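A.B. asks: For reference, the file run.csv (CSV, C-alpha atoms and all ligand atoms) is included below:
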chain,number,residue,atom,x,y,z
K,10,MET,CA,116.4,-95.0,40.7
K,11,GLY,CA,117.6,-98.5,41.4
K,12,GLU,CA,116.0,-100.9,44.0
K,13,ARG,CA,116.8,-99.9,47.6
K,14,LYS,CA,119.4,-102.1,49.4
K,15,ALA,CA,118.0,-104.2,52.2
K,16,ALA,CA,120.1,-104.5,55.3
K,17,LEU,CA,119.8,-106.5,58.6
K,18,VAL,CA,121.7,-105.4,61.7
K,19,THR,CA,121.7,-107.8,64.7
K,20,GLY,CA,121.6,-106.3,68.2
K,21,SER,CA,120.4,-103.0,66.8
K,22,THR,CA,118.0,-101.9,69.6
K,23,SER,CA,120.8,-100.0,71.3
K,24,GLY,CA,124.4,-98.9,71.1
K,25,ILE,CA,126.6,-99.5,68.0
K,26,GLY,CA,124.0,-101.6,66.2
K,27,LEU,CA,121.3,-98.9,66.5
K,28,GLY,CA,123.9,-96.3,65.2
K,29,ILE,CA,124.6,-98.5,62.2
K,30,ALA,CA,121.0,-99.2,61.4
K,31,THR,CA,120.1,-95.5,61.7
K,32,ALA,CA,122.9,-94.5,59.3
K,33,PHE,CA,121.9,-97.2,56.9
K,34,ALA,CA,118.2,-96.1,56.9
K,35,ARG,CA,119.2,-92.4,56.5
K,36,SER,CA,121.3,-93.4,53.5
K,37,GLY,CA,118.1,-94.9,51.9
K,38,MET,CA,118.3,-98.6,52.8
K,39,ASP,CA,115.4,-100.8,54.0
K,40,VAL,CA,116.5,-102.0,57.4
K,41,THR,CA,115.7,-105.0,59.7
K,42,LEU,CA,116.3,-104.3,63.3
K,43,ASN,CA,117.0,-107.0,65.9
K,44,GLY,CA,117.7,-107.2,69.6
K,45,LEU,CA,116.2,-107.6,73.0
K,46,GLY,CA,114.4,-105.0,75.1
K,47,ASP,CA,111.1,-103.4,75.9
K,48,ALA,CA,108.6,-104.0,73.1
K,49,GLY,CA,107.0,-100.5,73.3
K,50,GLU,CA,110.4,-98.8,73.3
K,51,ILE,CA,111.6,-100.9,70.3
K,52,GLU,CA,108.4,-100.1,68.4
K,53,LYS,CA,109.0,-96.4,69.0
K,54,ILE,CA,112.6,-96.7,67.7
K,55,ARG,CA,111.3,-98.6,64.6
K,56,SER,CA,108.4,-96.3,63.7
K,57,SER,CA,110.4,-93.1,64.2
K,58,LEU,CA,113.3,-94.3,62.1
K,59,GLU,CA,110.9,-95.4,59.4
K,60,ARG,CA,109.1,-92.0,59.4
K,61,GLU,CA,112.3,-90.0,59.5
K,62,ALA,CA,114.2,-91.9,56.9
K,63,GLY,CA,111.3,-92.7,54.6
K,64,VAL,CA,112.4,-96.3,54.2
K,65,LYS,CA,110.9,-99.7,55.3
K,66,VAL,CA,112.1,-100.5,58.8
K,67,ARG,CA,111.1,-103.9,60.3
K,68,TYR,CA,111.9,-105.6,63.6
K,69,ASP,CA,112.7,-109.2,64.3
K,70,GLY,CA,113.0,-110.1,68.0
K,71,ALA,CA,115.0,-113.3,67.4
K,72,ASN,CA,117.1,-114.4,70.4
K,73,LEU,CA,120.4,-115.2,68.6
K,74,MET,CA,121.6,-117.5,71.4
K,75,HIS,CA,119.8,-120.2,69.3
K,76,ALA,CA,120.9,-121.5,65.9
K,77,ASP,CA,117.4,-121.9,64.6
K,78,ALA,CA,116.4,-118.4,65.6
K,79,CYS,CA,119.4,-117.0,63.7
K,80,ALA,CA,118.5,-118.9,60.5
K,81,GLY,CA,114.8,-118.1,60.9
K,82,MET,CA,115.5,-114.4,61.2
K,83,ILE,CA,117.5,-114.4,57.9
K,84,GLU,CA,114.8,-116.3,56.1
K,85,SER,CA,112.1,-113.9,57.3
K,86,ALA,CA,114.2,-110.9,56.2
K,87,ILE,CA,114.7,-112.4,52.8
K,88,GLY,CA,111.0,-113.2,52.6
K,89,ALA,CA,109.8,-109.8,53.8
K,90,ASN,CA,112.1,-107.7,51.5
K,91,GLY,CA,112.6,-110.2,48.7
K,92,ARG,CA,116.4,-109.9,49.2
K,93,LEU,CA,119.2,-109.4,51.8
K,94,ASP,CA,122.1,-107.3,50.5
K,95,ILE,CA,123.8,-106.4,53.7
K,96,LEU,CA,124.2,-108.3,57.0
K,97,VAL,CA,125.9,-106.8,60.0
K,98,ASN,CA,126.6,-109.2,62.9
K,99,ASN,CA,126.8,-106.9,65.9
K,100,ALA,CA,124.8,-108.4,68.8
K,101,GLY,CA,127.2,-109.1,71.7
K,102,ILE,CA,127.5,-109.4,75.4
K,103,GLN,CA,130.3,-109.1,77.9
K,104,PHE,CA,131.2,-110.7,81.3
K,105,VAL,CA,134.3,-109.9,83.3
K,106,SER,CA,135.9,-112.3,85.8
K,107,PRO,CA,139.2,-114.0,86.6
K,108,ILE,CA,139.2,-117.3,84.6
K,109,GLU,CA,139.2,-119.5,87.7
K,110,ASP,CA,135.9,-118.0,88.8
K,111,PHE,CA,134.5,-117.5,85.3
K,112,PRO,CA,131.0,-119.1,85.3
K,113,VAL,CA,130.7,-121.8,82.7
K,114,ASP,CA,127.2,-120.7,81.6
K,115,LYS,CA,128.6,-117.2,80.9
K,116,TRP,CA,131.4,-118.7,78.8
K,117,ASN,CA,128.8,-120.7,76.8
K,118,ALA,CA,126.5,-117.7,76.4
K,119,ILE,CA,129.3,-115.4,75.2
K,120,ILE,CA,130.5,-118.0,72.7
K,121,ALA,CA,127.0,-118.6,71.5
K,122,LEU,CA,126.1,-114.9,70.9
K,123,ASN,CA,129.4,-113.2,70.1
K,124,LEU,CA,130.8,-116.0,67.9
K,125,SER,CA,128.3,-118.7,66.9
K,126,SER,CA,125.4,-116.5,66.0
K,127,SER,CA,127.5,-114.9,63.3
K,128,PHE,CA,128.3,-118.3,61.9
K,129,HIS,CA,124.6,-119.2,61.9
K,130,THR,CA,123.4,-115.9,60.2
K,131,ILE,CA,126.1,-116.1,57.6
K,132,ARG,CA,125.5,-119.8,57.0
K,133,ALA,CA,121.8,-118.9,56.4
K,134,ALA,CA,122.5,-115.9,54.2
K,135,MET,CA,125.5,-117.0,52.1
K,136,GLY,CA,123.7,-119.1,49.5
K,137,HIS,CA,121.2,-116.3,48.8
K,138,MET,CA,124.0,-113.7,48.5
K,139,LYS,CA,126.2,-115.9,46.3
K,140,GLY,CA,123.2,-116.7,44.1
K,141,ARG,CA,122.5,-113.0,43.6
K,142,LYS,CA,126.2,-112.2,43.1
K,143,TYR,CA,125.9,-109.5,45.7
K,144,GLY,CA,126.5,-109.4,49.5
K,145,ARG,CA,128.2,-107.3,52.1
K,146,ILE,CA,128.8,-108.8,55.5
K,147,ILE,CA,130.3,-106.8,58.3
K,148,ASN,CA,131.2,-108.5,61.6
K,149,ILE,CA,131.5,-106.1,64.6
K,150,ALA,CA,134.6,-107.7,66.3
K,151,SER,CA,136.6,-105.6,68.8
K,152,ALA,CA,140.2,-104.5,69.6
K,153,HIS,CA,139.8,-107.7,71.7
K,154,ALA,CA,139.9,-109.6,68.4
K,155,LEU,CA,143.5,-108.5,68.0
K,156,VAL,CA,144.8,-108.2,71.6
K,157,ALA,CA,143.7,-109.5,75.0
K,158,SER,CA,142.9,-107.9,78.4
K,159,PRO,CA,142.8,-109.9,81.6
K,160,PHE,CA,139.5,-111.2,83.0
K,161,LYS,CA,137.7,-111.3,79.6
K,162,SER,CA,138.6,-114.8,78.5
K,163,ALA,CA,135.3,-115.6,76.8
K,164,TYR,CA,134.9,-112.3,75.1
K,165,VAL,CA,138.5,-112.2,73.8
K,166,ALA,CA,138.3,-115.9,72.6
K,167,ALA,CA,135.0,-115.2,70.8
K,168,LYS,CA,136.2,-112.0,69.2
K,169,HIS,CA,139.4,-113.7,68.0
K,170,GLY,CA,137.2,-116.4,66.5
K,171,VAL,CA,135.1,-113.7,64.7
K,172,LEU,CA,138.2,-112.6,62.8
K,173,GLY,CA,138.9,-116.2,61.7
K,174,LEU,CA,135.3,-116.5,60.5
K,175,THR,CA,135.5,-113.2,58.7
K,176,ARG,CA,138.6,-114.2,56.8
K,177,THR,CA,137.1,-117.6,55.8
K,178,VAL,CA,133.9,-116.1,54.6
K,179,ALA,CA,135.8,-113.4,52.7
K,180,LEU,CA,137.6,-116.1,50.7
K,181,GLU,CA,134.5,-118.2,50.1
K,182,GLY,CA,132.6,-115.1,48.8
K,183,ALA,CA,135.4,-113.5,46.9
K,184,GLN,CA,134.4,-114.6,43.4
K,185,PHE,CA,130.7,-114.2,44.0
K,186,ASN,CA,130.9,-110.4,44.8
K,187,VAL,CA,130.2,-111.2,48.5
K,188,ARG,CA,132.5,-109.2,50.8
K,189,CYS,CA,133.1,-109.9,54.5
K,190,ASN,CA,135.0,-107.6,56.8
K,191,ALA,CA,135.4,-107.0,60.5
K,192,ILE,CA,135.3,-103.7,62.3
K,193,CYS,CA,137.4,-103.7,65.5
K,194,PRO,CA,136.2,-100.9,67.8
K,195,GLY,CA,138.0,-99.7,70.9
K,196,TYR,CA,135.9,-98.6,73.8
K,197,VAL,CA,132.6,-97.0,72.8
K,198,HIS,CA,130.5,-95.7,75.8
K,199,THR,CA,127.4,-97.9,75.3
K,200,SER,CA,125.5,-100.0,77.8
K,201,LEU,CA,127.9,-102.9,77.2
K,202,VAL,CA,130.8,-100.8,78.5
K,203,GLU,CA,128.7,-99.2,81.3
K,204,ASN,CA,127.6,-102.6,82.6
K,205,GLN,CA,131.1,-104.0,83.0
K,206,ILE,CA,132.3,-101.1,85.1
K,207,PRO,CA,131.0,-102.5,88.4
K,208,ASP,CA,132.5,-106.0,87.8
K,209,THR,CA,135.8,-104.5,86.8
K,210,MET,CA,135.7,-102.4,90.0
K,211,LYS,CA,135.3,-105.6,91.9
K,212,ALA,CA,137.9,-107.7,89.9
K,213,ARG,CA,140.6,-104.9,90.2
K,214,ASN,CA,139.5,-103.4,93.5
K,215,MET,CA,139.1,-99.9,91.9
K,216,THR,CA,136.7,-97.0,92.0
K,217,ARG,CA,134.5,-96.1,89.0
K,218,GLU,CA,136.8,-93.2,88.0
K,219,GLN,CA,139.8,-95.4,88.2
K,220,VAL,CA,138.2,-98.1,86.0
K,221,ILE,CA,137.3,-95.4,83.3
K,222,ASN,CA,140.7,-93.7,83.3
K,223,GLU,CA,143.1,-96.4,84.3
K,224,VAL,CA,141.5,-99.4,82.6
K,225,LEU,CA,139.2,-98.4,79.8
K,226,LEU,CA,140.8,-95.2,78.5
K,227,GLU,CA,144.3,-96.3,79.6
K,228,ALA,CA,144.3,-98.5,76.5
K,229,GLN,CA,143.3,-95.8,74.1
K,230,PRO,CA,146.1,-93.3,73.3
K,231,THR,CA,143.5,-90.6,72.3
K,232,LYS,CA,142.1,-90.8,75.8
K,233,GLN,CA,138.6,-90.5,74.3
K,234,PHE,CA,135.8,-93.0,73.8
K,235,VAL,CA,135.1,-94.0,70.2
K,236,LYS,CA,131.7,-92.6,69.1
K,237,VAL,CA,128.9,-94.8,67.7
K,238,GLU,CA,128.9,-92.5,64.7
K,239,ASP,CA,132.5,-93.3,64.0
K,240,ILE,CA,131.6,-97.0,63.6
K,241,ALA,CA,128.5,-96.3,61.6
K,242,GLY,CA,130.6,-94.1,59.2
K,243,LEU,CA,133.0,-97.0,58.6
K,244,ALA,CA,130.1,-99.4,58.0
K,245,LEU,CA,128.7,-97.1,55.4
K,246,PHE,CA,132.1,-97.0,53.7
K,247,LEU,CA,132.3,-100.8,53.7
K,248,VAL,CA,129.0,-101.1,51.9
K,249,SER,CA,129.9,-98.4,49.3
K,250,GLU,CA,131.3,-99.1,45.8
K,251,SER,CA,134.7,-97.7,46.9
K,252,ALA,CA,135.1,-100.6,49.3
K,253,ASN,CA,134.7,-103.2,46.6
K,254,GLN,CA,138.2,-104.6,47.0
K,255,VAL,CA,138.2,-104.4,50.8
K,256,ASN,CA,137.7,-108.1,51.8
K,257,GLY,CA,138.7,-110.1,54.8
K,258,ALA,CA,140.0,-107.0,56.5
K,259,ALA,CA,140.1,-106.2,60.2
K,260,LEU,CA,139.6,-102.5,60.4
K,261,SER,CA,140.5,-100.9,63.8
K,262,VAL,CA,138.7,-97.9,65.1
K,263,ASP,CA,140.4,-97.7,68.5
K,264,GLY,CA,142.2,-94.4,68.9
K,265,GLY,CA,145.5,-96.2,68.4
K,266,TRP,CA,145.0,-98.9,71.1
K,267,THR,CA,146.3,-101.8,68.9
K,268,ALA,CA,149.1,-99.7,67.5
K,269,GLN,CA,150.9,-100.1,70.8
S,301,LIG,P1,124.8,-102.8,73.6
S,301,LIG,O1,124.6,-103.6,74.9
S,301,LIG,O2,124.5,-101.4,73.6
S,301,LIG,O3,124.0,-103.5,72.4
S,301,LIG,C1,124.0,-104.9,72.3
S,301,LIG,C2,122.8,-105.3,71.4
S,301,LIG,O4,122.8,-106.7,71.4
S,301,LIG,C3,121.5,-104.8,72.0
S,301,LIG,O5,120.6,-104.4,70.9
S,301,LIG,C4,120.9,-106.1,72.6
S,301,LIG,O6,119.5,-106.1,72.7
S,301,LIG,C5,121.4,-107.1,71.7
S,301,LIG,N1,121.4,-108.5,72.2
S,301,LIG,C6,121.9,-108.9,73.4
S,301,LIG,N2,121.6,-110.2,73.6
S,301,LIG,C7,121.0,-110.6,72.5
S,301,LIG,C8,120.4,-111.9,72.0
S,301,LIG,N3,120.5,-113.0,72.8
S,301,LIG,N4,119.8,-111.9,70.8
S,301,LIG,C9,119.7,-110.8,70.0
S,301,LIG,N5,120.2,-109.6,70.4
S,301,LIG,C10,120.8,-109.6,71.6
S,301,LIG,O7,126.4,-103.0,73.2
S,301,LIG,P2,127.3,-102.4,72.2
S,301,LIG,O8,128.4,-101.8,72.9
S,301,LIG,O9,126.6,-101.5,71.2
S,301,LIG,O10,127.9,-103.7,71.4
S,301,LIG,C11,127.6,-104.0,70.1
S,301,LIG,C12,128.8,-104.9,69.6
S,301,LIG,O11,129.9,-104.1,69.6
S,301,LIG,C13,129.1,-106.1,70.4
S,301,LIG,O12,129.4,-107.2,69.6
S,301,LIG,C14,130.3,-105.7,71.2
S,301,LIG,O13,131.1,-106.8,71.5
S,301,LIG,C15,131.0,-104.8,70.1
S,301,LIG,N6,132.0,-103.9,70.7
S,301,LIG,C16,131.6,-103.0,71.6
S,301,LIG,C17,132.6,-102.1,72.2
S,301,LIG,C18,132.2,-101.1,73.2
S,301,LIG,O14,133.2,-100.5,73.7
S,301,LIG,N7,131.0,-100.8,73.4
S,301,LIG,C19,133.9,-102.3,71.8
S,301,LIG,C20,134.2,-103.2,70.8
S,301,LIG,C21,133.3,-104.1,70.3
Just dump the structure as structure tokens.
Ligand code: NAD
C.D. replies:
Amino acid sequence: MGERKAALVTGSTSGIGLGIATAFARSGMDVTLNGLGDAGEIEKIRSSLEREAGVKVRYDGANLMHADACAGMIESAIGANGRLDILVNNAGIQFVSPIEDFPVDKWNAIIALNLSSSFHTIRAAMGHMKGRKYGRIINIASAHALVASPFKSAYVAAKHGVLGLTRTVALEGAQFNVRCNAICPGYVHTSLVENQIPDTMKARNMTREQVINEVLLEAQPTKQFVKVEDIAGLALFLVSESANQVNGAALSVDGGWTAQ
């Protein structure tokens, strides 16, 4: 049996990131988790995944708002596992407000986490991956990397930026067997979506049910939320041998939202 692949998934203490990290561990990879949250809860997630999957699962609590923390996390992962084969940039936050009232600190925070942290992690990992002639980078973008919605100026700008970054890295890594792709999910019912419901109710003067049916699922022709497992399945495909020539792609998993 060959050496196990080592993967790092940012923002993997909940939602989509945790789904991807779980799928990776169950498929036999060593995994580094990252994200914020209650230390005891995170340790429970880490130890139960390690036990269940029979792989090494470590946790790095780096706050990815800061460039140094992003680079430090990558260096620690390479140090701890001796390699980094797969990097998934997933950590992200949302804030909803008309642009004239959009707090400048929220703009700065969203750009820092949703866009710049991916630059900093890739910047720190790229030399290592090119040197080993192997790397798989997946950036979790969004349908909002392809189209806009009102009141999400920072998020939409950051996610459009993530696609530009993805394509650039795909070209730089192409001849070094480093692949970089973006997954563009539609609405997945995670805490990120749950938390924006109250603000959207306020911004649009709607009830909770109206926001879910007339704003969120309105965009999705299937009228169903995307499942975390749907995103994890695509991530597994992207790190498989069959995806060797998939590079610089923006892969939509949005129930047909961006087909419109
Ligand atoms: P989530 O809130 O469940 O998870 C976000 C993760 O990021 C958590 O682990 C959190 O601890 C971590 N995080 C937050 N701030 C951090 C920081 N400063 N440093 C390190 N980690 C931090 O959200 P989710 O819905 O699973 O979102 C994951 C990604 O998917 C985001 O990039 C989001 O934009 C994207 N996305 C989500 C949806 C959706 O509908 N939920 C749709 C499209 C794209």
A.B. asks: Which residues form the shell of 8 Å around ligand LIG 301 (chain S) when you count only C-alpha atoms and all ligand atoms, given as a PyMOL selection string?
C.D. replies: chain K and resi 19-27+43-46+70-74+98-103+122-123+149-153+164+168+193-202+234-235+237
A.B. asks: Mind checking which residues fall within 8 Å of stretch 105-111 of chain K, counting all atoms listed in the file, ignoring those fewer than 5 positions away in the same chain, and posting them as a PyMOL selection string?
C.D. replies: chain K and resi 116+159-162+205+208-209+212
A.B. asks: Counting all atoms listed in the file, which of K:Ala259, K:Ala89, K:Ile240, K:Val220 gets nearest to K:Arg176?
C.D. replies: K:Ala259
A.B. asks: Can you work out the spacing between atom CA of K:Ile120 and atom CA of K:Ile221 in Å, to one decimal?
C.D. replies: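 Distance reported for this atom pair: 25.9 Å.
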A.B. asks: Could you pull the residues within 12 Å of K:Asp39, counting all atoms listed in the file, minus those fewer than 2 positions along the same chain, as a compact mmCIF listing (two decimals) with C-alpha atoms, keeping the file's coordinate frame?
C.D. replies:
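In the end it all went to out08.txt:
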# COMPACT_ATOMS: atom_id res chain seq x y z
CA GLU K 12 116.00 -100.90 44.00
CA ARG K 13 116.80 -99.90 47.60
CA LYS K 14 119.40 -102.10 49.40
CA ALA K 15 118.00 -104.20 52.20
CA ALA K 16 120.10 -104.50 55.30
CA LEU K 17 119.80 -106.50 58.60
CA VAL K 18 121.70 -105.40 61.70
CA ALA K 30 121.00 -99.20 61.40
CA THR K 31 120.10 -95.50 61.70
CA ALA K 32 122.90 -94.50 59.30
CA PHE K 33 121.90 -97.20 56.90
CA ALA K 34 118.20 -96.10 56.90
CA ARG K 35 119.20 -92.40 56.50
CA SER K 36 121.30 -93.40 53.50
CA GLY K 37 118.10 -94.90 51.90
CA THR K 41 115.70 -105.00 59.70
CA LEU K 42 116.30 -104.30 63.30
CA ARG K 55 111.30 -98.60 64.60
CA LEU K 58 113.30 -94.30 62.10
CA GLU K 59 110.90 -95.40 59.40
CA ALA K 62 114.20 -91.90 56.90
CA GLY K 63 111.30 -92.70 54.60
CA VAL K 64 112.40 -96.30 54.20
CA LYS K 65 110.90 -99.70 55.30
CA VAL K 66 112.10 -100.50 58.80
CA ARG K 67 111.10 -103.90 60.30
CA TYR K 68 111.90 -105.60 63.60
CA ALA K 86 114.20 -110.90 56.20
CA ILE K 87 114.70 -112.40 52.80
CA ALA K 89 109.80 -109.80 53.80
CA ASN K 90 112.10 -107.70 51.50
CA GLY K 91 112.60 -110.20 48.70
CA ARG K 92 116.40 -109.90 49.20
CA LEU K 93 119.20 -109.40 51.80
CA ASP K 94 122.10 -107.30 50.50
CA ILE K 95 123.80 -106.40 53.70
CA LEU K 96 124.20 -108.30 57.00
A.B. asks: For the atom pair atom CA of K:Glu223 and atom CA of K:Ala258, what is the interatomic distance in Å to one decimal place?
C.D. replies: 29.9 Å
A.B. asks: So how far away is atom CA of K:Ser158 from atom CA of K:Leu226, in Å?
C.D. replies: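 That distance, rounded to one decimal, is 12.9 Å.
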A.B. asks: Which one of K:Val262, K:Phe104, K:Ala191, K:Met38 sits closest to K:Val165 if you count all atoms listed in the file?
C.D. replies: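 Ranked by minimum distance to K:Val165, first place goes to K:Phe104.
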A.B. asks: Rebuild N, CA and C atoms on stretch 254-265 of chain K, as a PDB file, in the frame of the given file?
C.D. replies:
ATOM      1  N   GLN K 254     137.046-103.689  46.839  1.00  0.00           N
ATOM      2  CA  GLN K 254     138.200-104.600  47.000  1.00  0.00           C
ATOM      3  C   GLN K 254     138.650-104.731  48.446  1.00  0.00           C
ATOM      4  N   VAL K 255     137.884-104.209  49.362  1.00  0.00           N
ATOM      5  CA  VAL K 255     138.200-104.400  50.800  1.00  0.00           C
ATOM      6  C   VAL K 255     137.497-105.720  51.193  1.00  0.00           C
ATOM      7  N   ASN K 256     138.273-106.738  51.502  1.00  0.00           N
ATOM      8  CA  ASN K 256     137.700-108.100  51.800  1.00  0.00           C
ATOM      9  C   ASN K 256     138.562-108.823  52.747  1.00  0.00           C
ATOM     10  N   GLY K 257     137.957-109.320  53.799  1.00  0.00           N
ATOM     11  CA  GLY K 257     138.700-110.100  54.800  1.00  0.00           C
ATOM     12  C   GLY K 257     139.553-109.213  55.701  1.00  0.00           C
ATOM     13  N   ALA K 258     139.226-107.923  55.744  1.00  0.00           N
ATOM     14  CA  ALA K 258     140.000-107.000  56.500  1.00  0.00           C
ATOM     15  C   ALA K 258     139.522-106.874  57.971  1.00  0.00           C
ATOM     16  N   ALA K 259     140.451-106.546  58.859  1.00  0.00           N
ATOM     17  CA  ALA K 259     140.100-106.200  60.200  1.00  0.00           C
ATOM     18  C   ALA K 259     140.424-104.744  60.419  1.00  0.00           C
ATOM     19  N   LEU K 260     139.400-103.901  60.444  1.00  0.00           N
ATOM     20  CA  LEU K 260     139.600-102.500  60.400  1.00  0.00           C
ATOM     21  C   LEU K 260     139.450-101.904  61.853  1.00  0.00           C
ATOM     22  N   SER K 261     140.542-101.381  62.379  1.00  0.00           N
ATOM     23  CA  SER K 261     140.500-100.900  63.800  1.00  0.00           C
ATOM     24  C   SER K 261     140.009 -99.453  63.823  1.00  0.00           C
ATOM     25  N   VAL K 262     139.152 -99.223  64.811  1.00  0.00           N
ATOM     26  CA  VAL K 262     138.700 -97.900  65.100  1.00  0.00           C
ATOM     27  C   VAL K 262     138.841 -97.746  66.639  1.00  0.00           C
ATOM     28  N   ASP K 263     140.081 -97.553  67.072  1.00  0.00           N
ATOM     29  CA  ASP K 263     140.400 -97.700  68.500  1.00  0.00           C
ATOM     30  C   ASP K 263     141.298 -96.651  69.066  1.00  0.00           C
ATOM     31  N   GLY K 264     141.363 -95.512  68.387  1.00  0.00           N
ATOM     32  CA  GLY K 264     142.200 -94.400  68.900  1.00  0.00           C
ATOM     33  C   GLY K 264     143.654 -94.744  69.018  1.00  0.00           C
ATOM     34  N   GLY K 265     144.098 -95.823  68.380  1.00  0.00           N
ATOM     35  CA  GLY K 265     145.500 -96.200  68.400  1.00  0.00           C
ATOM     36  C   GLY K 265     145.836 -97.299  69.419  1.00  0.00           C
TER      37      GLY K 265
END
